[in-house]
file start-v5.txt (compact mmCIF, C-alpha atoms)
# COMPACT_ATOMS: atom_id res chain seq x y z
CA MET C 1 23.77 116.64 -63.22
CA ASN C 2 22.95 116.25 -66.95
CA ARG C 3 25.19 119.00 -68.22
CA GLN C 4 25.97 119.45 -71.90
CA ASN C 5 29.72 119.76 -72.34
CA ILE C 6 31.38 121.14 -75.45
CA LEU C 7 35.09 121.06 -76.28
CA ILE C 8 36.39 123.70 -78.70
CA THR C 9 40.01 123.77 -79.82
CA GLY C 10 41.59 127.17 -80.37
CA VAL C 11 39.39 129.62 -78.47
CA SER C 12 41.81 132.47 -77.80
CA SER C 13 40.31 134.64 -80.57
CA GLY C 14 38.30 134.68 -83.79
CA ILE C 15 35.86 131.89 -84.62
CA GLY C 16 36.76 129.83 -81.56
CA LEU C 17 36.05 132.69 -79.17
CA ALA C 18 32.78 133.52 -80.95
CA MET C 19 31.64 129.91 -80.64
CA ALA C 20 32.53 129.78 -76.96
CA GLU C 21 30.60 132.98 -76.24
CA ARG C 22 27.49 131.87 -78.14
CA LEU C 23 27.38 128.40 -76.62
CA LEU C 24 27.95 129.75 -73.12
CA ASN C 25 25.12 132.24 -73.62
CA ASN C 26 22.86 129.34 -74.57
CA GLY C 27 23.47 127.23 -71.50
CA TYR C 28 26.34 124.95 -72.49
CA PHE C 29 29.44 124.25 -70.44
CA VAL C 30 32.46 124.94 -72.64
CA PHE C 31 35.95 123.51 -72.44
CA GLY C 32 38.23 125.63 -74.61
CA SER C 33 41.81 124.89 -75.56
CA VAL C 34 44.54 127.52 -75.51
CA ARG C 35 48.30 127.15 -75.73
CA GLN C 36 49.32 129.74 -73.16
CA GLU C 37 48.47 130.14 -69.50
CA LYS C 38 47.95 133.89 -69.90
CA ASP C 39 45.18 133.22 -72.44
CA ALA C 40 43.58 130.71 -70.09
CA GLU C 41 43.49 133.28 -67.29
CA ARG C 42 42.19 136.03 -69.59
CA LEU C 43 39.38 133.91 -70.98
CA LYS C 44 38.37 132.53 -67.59
CA LYS C 45 37.82 136.09 -66.38
CA LYS C 46 36.06 137.10 -69.59
CA LEU C 47 33.79 134.08 -70.06
CA GLY C 48 32.84 133.13 -66.52
CA SER C 49 32.27 130.02 -64.43
CA ASN C 50 30.78 127.83 -67.17
CA PHE C 51 33.99 128.08 -69.17
CA HIS C 52 36.94 125.86 -68.34
CA PRO C 53 40.20 126.55 -70.21
CA VAL C 54 42.51 123.64 -70.99
CA ILE C 55 46.15 124.13 -71.92
CA MET C 56 46.69 122.14 -75.09
CA ASP C 57 48.85 122.33 -78.20
CA VAL C 58 47.44 120.09 -80.93
CA THR C 59 50.99 119.33 -82.11
CA ASP C 60 51.99 118.15 -78.61
CA TYR C 61 50.26 114.81 -78.13
CA PRO C 62 50.99 114.43 -74.38
CA SER C 63 49.28 117.80 -73.85
CA ILE C 64 46.17 116.42 -75.59
CA GLU C 65 46.15 113.43 -73.22
CA ALA C 66 46.50 115.81 -70.27
CA ALA C 67 43.64 117.92 -71.61
CA LYS C 68 41.43 114.83 -71.79
CA GLU C 69 42.09 114.10 -68.12
CA ALA C 70 41.26 117.72 -67.24
CA VAL C 71 37.97 117.44 -69.13
CA ILE C 72 37.05 114.16 -67.41
CA GLN C 73 37.77 115.65 -63.99
CA ASN C 74 35.52 118.65 -64.67
CA ALA C 75 32.75 117.09 -66.78
CA HIS C 76 30.58 116.09 -63.79
CA GLY C 77 30.37 112.50 -64.97
CA ASN C 78 29.10 113.43 -68.42
CA GLY C 79 30.73 113.00 -71.80
CA LEU C 80 30.97 115.53 -74.59
CA THR C 81 27.92 116.69 -76.50
CA ALA C 82 30.23 117.98 -79.23
CA LEU C 83 33.87 118.28 -80.19
CA ILE C 84 34.59 121.32 -82.36
CA ASN C 85 37.95 121.06 -84.11
CA ASN C 86 38.75 124.70 -84.77
CA SER C 87 42.53 125.07 -84.33
CA GLY C 88 44.29 126.00 -87.53
CA ILE C 89 47.04 128.08 -89.13
CA VAL C 90 47.76 129.47 -92.62
CA VAL C 91 51.10 128.89 -94.32
CA SER C 92 51.34 131.00 -97.48
CA GLY C 93 53.76 131.63 -100.31
CA PRO C 94 54.79 130.01 -103.60
CA LEU C 95 55.05 126.24 -103.19
CA LYS C 96 58.30 126.24 -105.19
CA TYR C 97 60.09 128.08 -102.39
CA LEU C 98 58.33 126.62 -99.37
CA SER C 99 60.48 124.82 -96.83
CA MET C 100 59.46 121.29 -95.93
CA GLU C 101 59.48 122.37 -92.29
CA ASP C 102 56.76 124.93 -93.00
CA LEU C 103 54.72 122.44 -95.02
CA GLU C 104 55.03 119.80 -92.33
CA TYR C 105 54.00 122.27 -89.63
CA GLN C 106 50.91 123.22 -91.67
CA PHE C 107 49.88 119.57 -91.64
CA ARG C 108 50.88 118.96 -88.03
CA VAL C 109 48.42 121.63 -86.90
CA ASN C 110 45.58 121.42 -89.42
CA VAL C 111 45.55 117.66 -90.07
CA PHE C 112 47.57 115.44 -87.74
CA GLY C 113 46.73 117.42 -84.62
CA LEU C 114 43.03 117.39 -85.47
CA VAL C 115 43.08 113.62 -86.00
CA LYS C 116 44.90 113.05 -82.71
CA VAL C 117 42.48 115.26 -80.77
CA THR C 118 39.58 113.34 -82.30
CA GLN C 119 41.12 109.96 -81.47
CA ILE C 120 41.81 110.88 -77.86
CA PHE C 121 38.39 112.40 -77.17
CA LEU C 122 36.31 109.82 -79.05
CA PRO C 123 35.52 107.81 -75.88
CA LEU C 124 33.87 110.90 -74.35
CA LEU C 125 31.76 111.25 -77.50
CA GLY C 126 30.41 107.72 -77.16
CA GLY C 127 32.95 106.25 -79.56
CA GLU C 128 33.27 102.89 -77.82
CA LYS C 129 31.02 99.86 -77.53
CA ASN C 130 29.16 99.51 -74.22
CA THR C 131 29.91 103.13 -73.38
CA ILE C 132 28.07 105.08 -70.71
CA TYR C 133 28.15 108.22 -72.85
CA LYS C 134 25.58 109.31 -75.41
CA PRO C 135 26.72 109.74 -79.03
CA GLY C 136 28.07 113.22 -79.66
CA THR C 137 28.82 115.32 -82.70
CA ILE C 138 32.19 116.16 -84.24
CA ILE C 139 32.31 119.48 -86.10
CA ASN C 140 35.40 120.24 -88.16
CA VAL C 141 35.96 123.88 -89.04
CA SER C 142 37.31 123.67 -92.58
CA SER C 143 37.29 126.35 -95.30
CA ILE C 144 36.26 127.02 -98.86
CA SER C 145 39.97 126.50 -99.49
CA GLY C 146 39.23 122.83 -98.91
CA LEU C 147 36.97 122.92 -101.96
CA PHE C 148 38.93 125.20 -104.29
CA THR C 149 42.65 125.94 -104.47
CA LEU C 150 44.03 129.42 -105.09
CA PRO C 151 47.71 130.03 -105.80
CA PHE C 152 50.09 131.00 -103.01
CA ILE C 153 48.08 129.37 -100.20
CA VAL C 154 48.57 125.83 -101.48
CA PRO C 155 49.76 124.41 -98.10
CA TYR C 156 46.66 125.73 -96.32
CA SER C 157 44.34 124.62 -99.11
CA THR C 158 45.90 121.16 -99.24
CA SER C 159 45.45 120.72 -95.50
CA LYS C 160 41.79 121.71 -95.78
CA HIS C 161 41.24 119.33 -98.70
CA ALA C 162 42.62 116.61 -96.43
CA LEU C 163 40.21 117.71 -93.71
CA GLU C 164 37.26 117.34 -96.07
CA SER C 165 38.28 113.75 -96.78
CA ILE C 166 38.84 113.05 -93.09
CA THR C 167 35.39 114.42 -92.26
CA ASP C 168 33.64 112.25 -94.85
CA GLY C 169 35.61 109.17 -93.88
CA LEU C 170 35.03 109.61 -90.14
CA ARG C 171 31.30 110.16 -90.67
CA ARG C 172 31.12 106.86 -92.55
CA GLU C 173 33.21 105.02 -89.96
CA LEU C 174 31.70 106.42 -86.76
CA ASP C 175 28.08 105.82 -87.73
CA ILE C 176 28.31 102.49 -85.88
CA TYR C 177 28.34 104.55 -82.67
CA GLY C 178 25.71 107.05 -83.78
CA ILE C 179 28.32 109.83 -83.91
CA ASN C 180 27.79 112.40 -86.64
CA VAL C 181 30.70 114.24 -88.26
CA VAL C 182 30.15 117.55 -90.05
CA SER C 183 32.37 120.08 -91.80
CA VAL C 184 31.78 123.81 -91.82
CA ASN C 185 33.30 125.65 -94.78
CA PRO C 186 33.55 129.40 -94.20
CA GLY C 187 34.71 131.85 -96.80
CA ALA C 188 36.49 134.96 -95.59
CA VAL C 189 35.87 135.62 -91.89
CA ARG C 190 36.78 138.66 -89.81
CA THR C 191 39.47 136.96 -87.72
CA PRO C 192 43.14 137.64 -86.89
CA ILE C 193 44.33 134.65 -88.97
CA TRP C 194 44.33 136.68 -92.20
CA GLU C 195 46.24 139.52 -90.56
CA LYS C 196 49.12 137.05 -90.36
CA VAL C 197 48.75 136.35 -94.08
CA LYS C 198 48.85 140.09 -94.76
CA ALA C 199 52.05 140.36 -92.76
CA SER C 200 53.65 137.56 -94.80
CA ARG C 201 53.36 139.20 -98.23
CA ASN C 202 57.15 139.51 -98.44
CA VAL C 203 57.24 135.79 -99.35
CA PHE C 204 57.36 136.97 -102.98
CA ALA C 205 60.47 139.11 -102.53
CA GLY C 206 63.58 137.77 -104.22
CA THR C 207 61.68 135.01 -106.05
CA ASP C 208 60.46 134.49 -109.60
CA TYR C 209 57.08 135.71 -108.32
CA ALA C 210 58.32 139.15 -107.30
CA GLY C 211 55.69 141.58 -108.48
CA PHE C 212 52.73 139.43 -107.52
CA GLU C 213 52.23 141.37 -104.29
CA GLY C 214 49.43 143.18 -106.14
CA TYR C 215 47.53 139.92 -106.59
CA SER C 216 48.04 139.05 -102.95
CA GLN C 217 46.91 142.50 -101.85
CA ARG C 218 43.78 142.27 -103.99
CA GLN C 219 42.88 138.90 -102.50
CA ILE C 220 43.29 140.31 -99.01
CA GLU C 221 41.11 143.31 -99.87
CA LEU C 222 38.42 141.04 -101.33
CA ASN C 223 38.53 138.90 -98.19
CA GLU C 224 38.14 141.96 -95.99
CA LYS C 225 35.26 143.27 -98.12
CA ASP C 226 33.36 139.97 -98.27
CA ALA C 227 34.21 138.71 -94.79
CA ILE C 228 31.41 137.40 -92.60
CA GLU C 229 31.31 137.82 -88.84
CA PRO C 230 32.49 134.89 -86.69
CA ASP C 231 29.11 134.72 -84.96
CA ILE C 232 27.47 133.57 -88.21
CA ILE C 233 29.62 130.46 -88.01
CA ALA C 234 28.97 130.13 -84.29
CA LYS C 235 25.20 130.25 -84.85
CA THR C 236 25.40 127.55 -87.53
CA ILE C 237 27.42 125.34 -85.21
CA GLN C 238 24.88 125.80 -82.42
CA ASN C 239 22.14 124.71 -84.84
CA ILE C 240 24.17 121.63 -85.80
CA ILE C 241 24.63 120.68 -82.15
CA GLU C 242 20.93 121.16 -81.46
CA LYS C 243 20.03 119.14 -84.58
CA LYS C 244 18.16 122.08 -86.11
CA ALA C 245 20.41 121.56 -89.11
CA ARG C 246 22.35 118.41 -89.91
CA LYS C 247 23.88 118.28 -93.37
CA PRO C 248 27.29 116.72 -94.05
CA SER C 249 28.76 120.17 -94.76
CA TYR C 250 27.87 123.86 -94.64
CA LEU C 251 29.09 126.58 -96.99
CA LEU C 252 29.14 129.90 -95.13
CA MET C 253 30.09 132.92 -97.21
CA LYS C 254 28.84 135.88 -99.14
CA ASN C 255 28.32 135.26 -102.85
CA ALA C 256 27.91 131.51 -102.28
CA LEU C 257 26.13 131.07 -105.62
CA VAL C 258 29.08 132.62 -107.47
CA PHE C 259 31.44 130.26 -105.66
CA LYS C 260 29.31 127.21 -106.50
CA PHE C 261 29.25 128.32 -110.13
CA MET C 262 33.05 128.58 -110.09
CA LEU C 263 33.30 125.06 -108.69
CA ALA C 264 31.12 123.75 -111.51
CA LEU C 265 33.33 125.21 -114.25
CA PRO C 266 35.92 123.08 -116.07
CA LYS C 267 39.36 123.48 -114.53
CA SER C 268 40.63 125.10 -117.73
CA LEU C 269 38.12 127.93 -117.28
CA GLN C 270 38.92 128.16 -113.59
CA ASP C 271 42.58 128.60 -114.55
CA LYS C 272 41.75 131.41 -116.98
CA ILE C 273 39.75 133.28 -114.34
CA ILE C 274 42.53 132.93 -111.79
CA ASN C 275 45.13 134.06 -114.33
CA GLN C 276 43.07 137.16 -115.04
CA MET C 277 43.11 137.89 -111.32
CA LYS C 278 46.86 137.27 -111.13
CA TYR C 279 48.10 139.13 -114.16
CA GLY C 280 45.46 141.85 -114.07
CA THR C 281 46.88 143.14 -110.79
CA LYS C 282 50.53 142.34 -111.29

call {"tool": "encode", "arguments": {"input": "start-v5.txt", "output": "structure tokens"}}
result
Amino acid sequence: MNRQNILITGVSSGIGLAMAERLLNNGYFVFGSVRQEKDAERLKKKLGSNFHPVIMDVTDYPSIEAAKEAVIQNAHGNGLTALINNSGIVVSGPLKYLSMEDLEYQFRVNVFGLVKVTQIFLPLLGGEKNTIYKPGTIINVSSISGLFTLPFIVPYSTSKHALESITDGLRRELDIYGINVVSVNPGAVRTPIWEKVKASRNVFAGTDYAGFEGYSQRQIELNEKDAIEPDIIAKTIQNIIEKKARKPSYLLMKNALVFKFMLALPKSLQDKIINQMKYGTK
């Protein structure tokens, strides 16, 4: 049976769930990682027989190995058409006050876990010589924060900058197998991840940055106003898998031209614009 298998990390909600739903509706068999058994049971009921949940925490390397074995056992002798690295968290707050434990955890999830997942599943993507599997595609869900750094989400932005470099490097290393590696860079998306950022605004309390809650609130409001739906990202990823679109990276956001203009400005002008945003709402 020549079935097209997709593995998506982090499918319990948001972008991951939207991708799973779209790909299932278009005939793919989807393996989706979740961390909790209750989410696995919920999604299995919701998504149907062509969805297979795998219990995996990207910071727990033995669980990734176990997930690989579960995929092999249920892949009907086929490899993976695509690996979509979607798992991610946001650590926010002034870098001056951030604990090293929080910073390390940001990187364990967004960077080290992603690399380990990729390493372990590469054989199923055709990443070995004399393999029986066809070359697949690796899609890394990054962010515009990997292209431009705003204050108070430096850990998240730094992890996404690292992901951009990893994506480019992997694409240039894995071409010997015919594997393509692509990054998708969404702007604000209507997902629960930013609700957690909203809940963490008290990171300014008792610090030299007390009073900057207004800036943080404005950024959240702008994100909510300009947010795109997760299915826009899911549709782009389907097109990448089906080779209808195959660029090294994709910028997915409202006001993309404004963002590109901002990127092109000298950093001194970027700083002035950001300071206007900071102090104008303080």

call {"tool": "residues_near_point", "arguments": {"input": "start-v5.txt", "point": "(63.3, 127.9, -102.7)", "cutoff": "12 Å", "atoms": "only C-alpha atoms", "output": "list in words"}}
result
Gly93, Pro94, Leu95, Lys96, Tyr97, Leu98, Ser99, Met100, Val203, Phe204, Ala205, Gly206, Thr207, Asp208 and Tyr209 of chain C

call {"tool": "residues_near_point", "arguments": {"input": "start-v5.txt", "point": "(41.4, 110.9, -71.5)", "cutoff": "12 Å", "atoms": "only C-alpha atoms", "output": "ChimeraX atom specification"}}
result
/C:61-75,79-80,116-125

call {"tool": "axis_aligned_box", "arguments": {"input": "start-v5.txt", "around": "stretch 97-111 of chain C", "padding_each_side": "4 Å", "output": "JSON"}}
result
{"center_x": 53.0, "center_y": 122.9, "center_z": -94.6, "size_x": 22.9, "size_y": 18.4, "size_z": 23.5}

call {"tool": "atom_distance", "arguments": {"input": "start-v5.txt", "atom1": "atom CA of C:Lys38", "atom2": "atom CA of C:Arg108"}}
result
23.7 Å

call {"tool": "residues_around", "arguments": {"input": "start-v5.txt", "residues": "stretch 253-266 of chain C", "least_positions_apart": "5", "cutoff": "9 Å", "atoms": "only C-alpha atoms", "output": "ChimeraX atom specification"}}
result
/C:144,147-148,185-189,226-228,271

call {"tool": "write_last_selection", "arguments": {"input": "start-v5.txt", "atoms": "C-alpha atoms", "output": "CSV table (one decimal), keeping the file's coordinate frame"}}
result
chain,number,residue,atom,x,y,z
C,144,ILE,CA,36.3,127.0,-98.9
C,147,LEU,CA,37.0,122.9,-102.0
C,148,PHE,CA,38.9,125.2,-104.3
C,185,ASN,CA,33.3,125.6,-94.8
C,186,PRO,CA,33.6,129.4,-94.2
C,187,GLY,CA,34.7,131.8,-96.8
C,188,ALA,CA,36.5,135.0,-95.6
C,189,VAL,CA,35.9,135.6,-91.9
C,226,ASP,CA,33.4,140.0,-98.3
C,227,ALA,CA,34.2,138.7,-94.8
C,228,ILE,CA,31.4,137.4,-92.6
C,271,ASP,CA,42.6,128.6,-114.6

call {"tool": "residues_around", "arguments": {"input": "start-v5.txt", "residues": "C:Ser49", "least_positions_apart": "4", "cutoff": "12 Å", "atoms": "all atoms listed in the file", "output": "MDAnalysis selection string"}}
result
chainID C and resid 24:25 27:31 43:45 53 74

call {"tool": "closest_atom_pairs", "arguments": {"input": "start-v5.txt", "of": "stretch 51-145 of chain C", "to": "stretch 153-169 of chain C", "cutoff": "8 Å", "atoms": "all atoms listed in the file", "output": "CSV"}}
result
residue,atom,partner,partner_atom,distance
C:Ile89,CA,C:Tyr156,CA,7.6
C:Val90,CA,C:Tyr156,CA,5.4
C:Val91,CA,C:Tyr156,CA,5.8
C:Ser92,CA,C:Ile153,CA,4.5
C:Gly93,CA,C:Ile153,CA,6.1
C:Pro94,CA,C:Ile153,CA,7.5
C:Leu95,CA,C:Val154,CA,6.7
C:Leu103,CA,C:Pro155,CA,6.2
C:Gln106,CA,C:Pro155,CA,6.6
C:Phe107,CA,C:Ser159,CA,6.0
C:Asn110,CA,C:Ser159,CA,6.1
C:Val111,CA,C:Ser159,CA,6.2
C:Asn140,CA,C:Thr167,CA,7.1
C:Ser142,CA,C:Lys160,CA,5.8
C:Ser143,CA,C:Lys160,CA,6.5
C:Ser145,CA,C:Ser157,CA,4.8

call {"tool": "residues_around", "arguments": {"input": "start-v5.txt", "residues": "C:Asn26", "least_positions_apart": "4", "cutoff": "9 Å", "atoms": "only C-alpha atoms", "output": "list in words"}}
result
Glu21, Arg22 and Gln238 of chain C

call {"tool": "closest_residue", "arguments": {"input": "start-v5.txt", "among": "C:Ser216, C:Thr9, C:Gln276, C:Gln36", "to": "C:Ile139", "atoms": "only C-alpha atoms"}}
result
C:Thr9

call {"tool": "residues_around", "arguments": {"input": "start-v5.txt", "residues": "C:Ile55", "least_positions_apart": "4", "cutoff": "6 Å", "atoms": "all atoms listed in the file", "output": "list of chain:residue names"}}
result
C:Ser33, C:Val34, C:Arg35

call {"tool": "closest_residue", "arguments": {"input": "start-v5.txt", "among": "C:Met19, C:Ala82, C:Ala40, C:Ile132", "to": "C:Leu7", "atoms": "all atoms listed in the file"}}
result
C:Ala82

call {"tool": "atom_distance", "arguments": {"input": "start-v5.txt", "atom1": "atom CA of C:Asn180", "atom2": "atom CA of C:Thr236"}}
result
15.4 Å

call {"tool": "closest_residue", "arguments": {"input": "start-v5.txt", "among": "C:Gly10, C:Gly214, C:Thr137, C:Gly127", "to": "C:Leu114", "atoms": "all atoms listed in the file"}}
result
C:Gly10

call {"tool": "closest_residue", "arguments": {"input": "start-v5.txt", "among": "C:Phe51, C:Tyr105, C:Tyr250, C:Tyr215", "to": "C:Leu150", "atoms": "all atoms listed in the file"}}
result
C:Tyr215

call {"tool": "atom_distance", "arguments": {"input": "start-v5.txt", "atom1": "atom CA of C:Asp57", "atom2": "atom CA of C:Ser183"}}
result
21.5 Å

call {"tool": "closest_residue", "arguments": {"input": "start-v5.txt", "among": "C:Ile273, C:Ile176, C:Val182, C:Val54", "to": "C:Ile237", "atoms": "only C-alpha atoms"}}
result
C:Val182

call {"tool": "closest_residue", "arguments": {"input": "start-v5.txt", "among": "C:Ile179, C:Ile232, C:Leu251, C:Ile274", "to": "C:Thr81", "atoms": "all atoms listed in the file"}}
result
C:Ile179
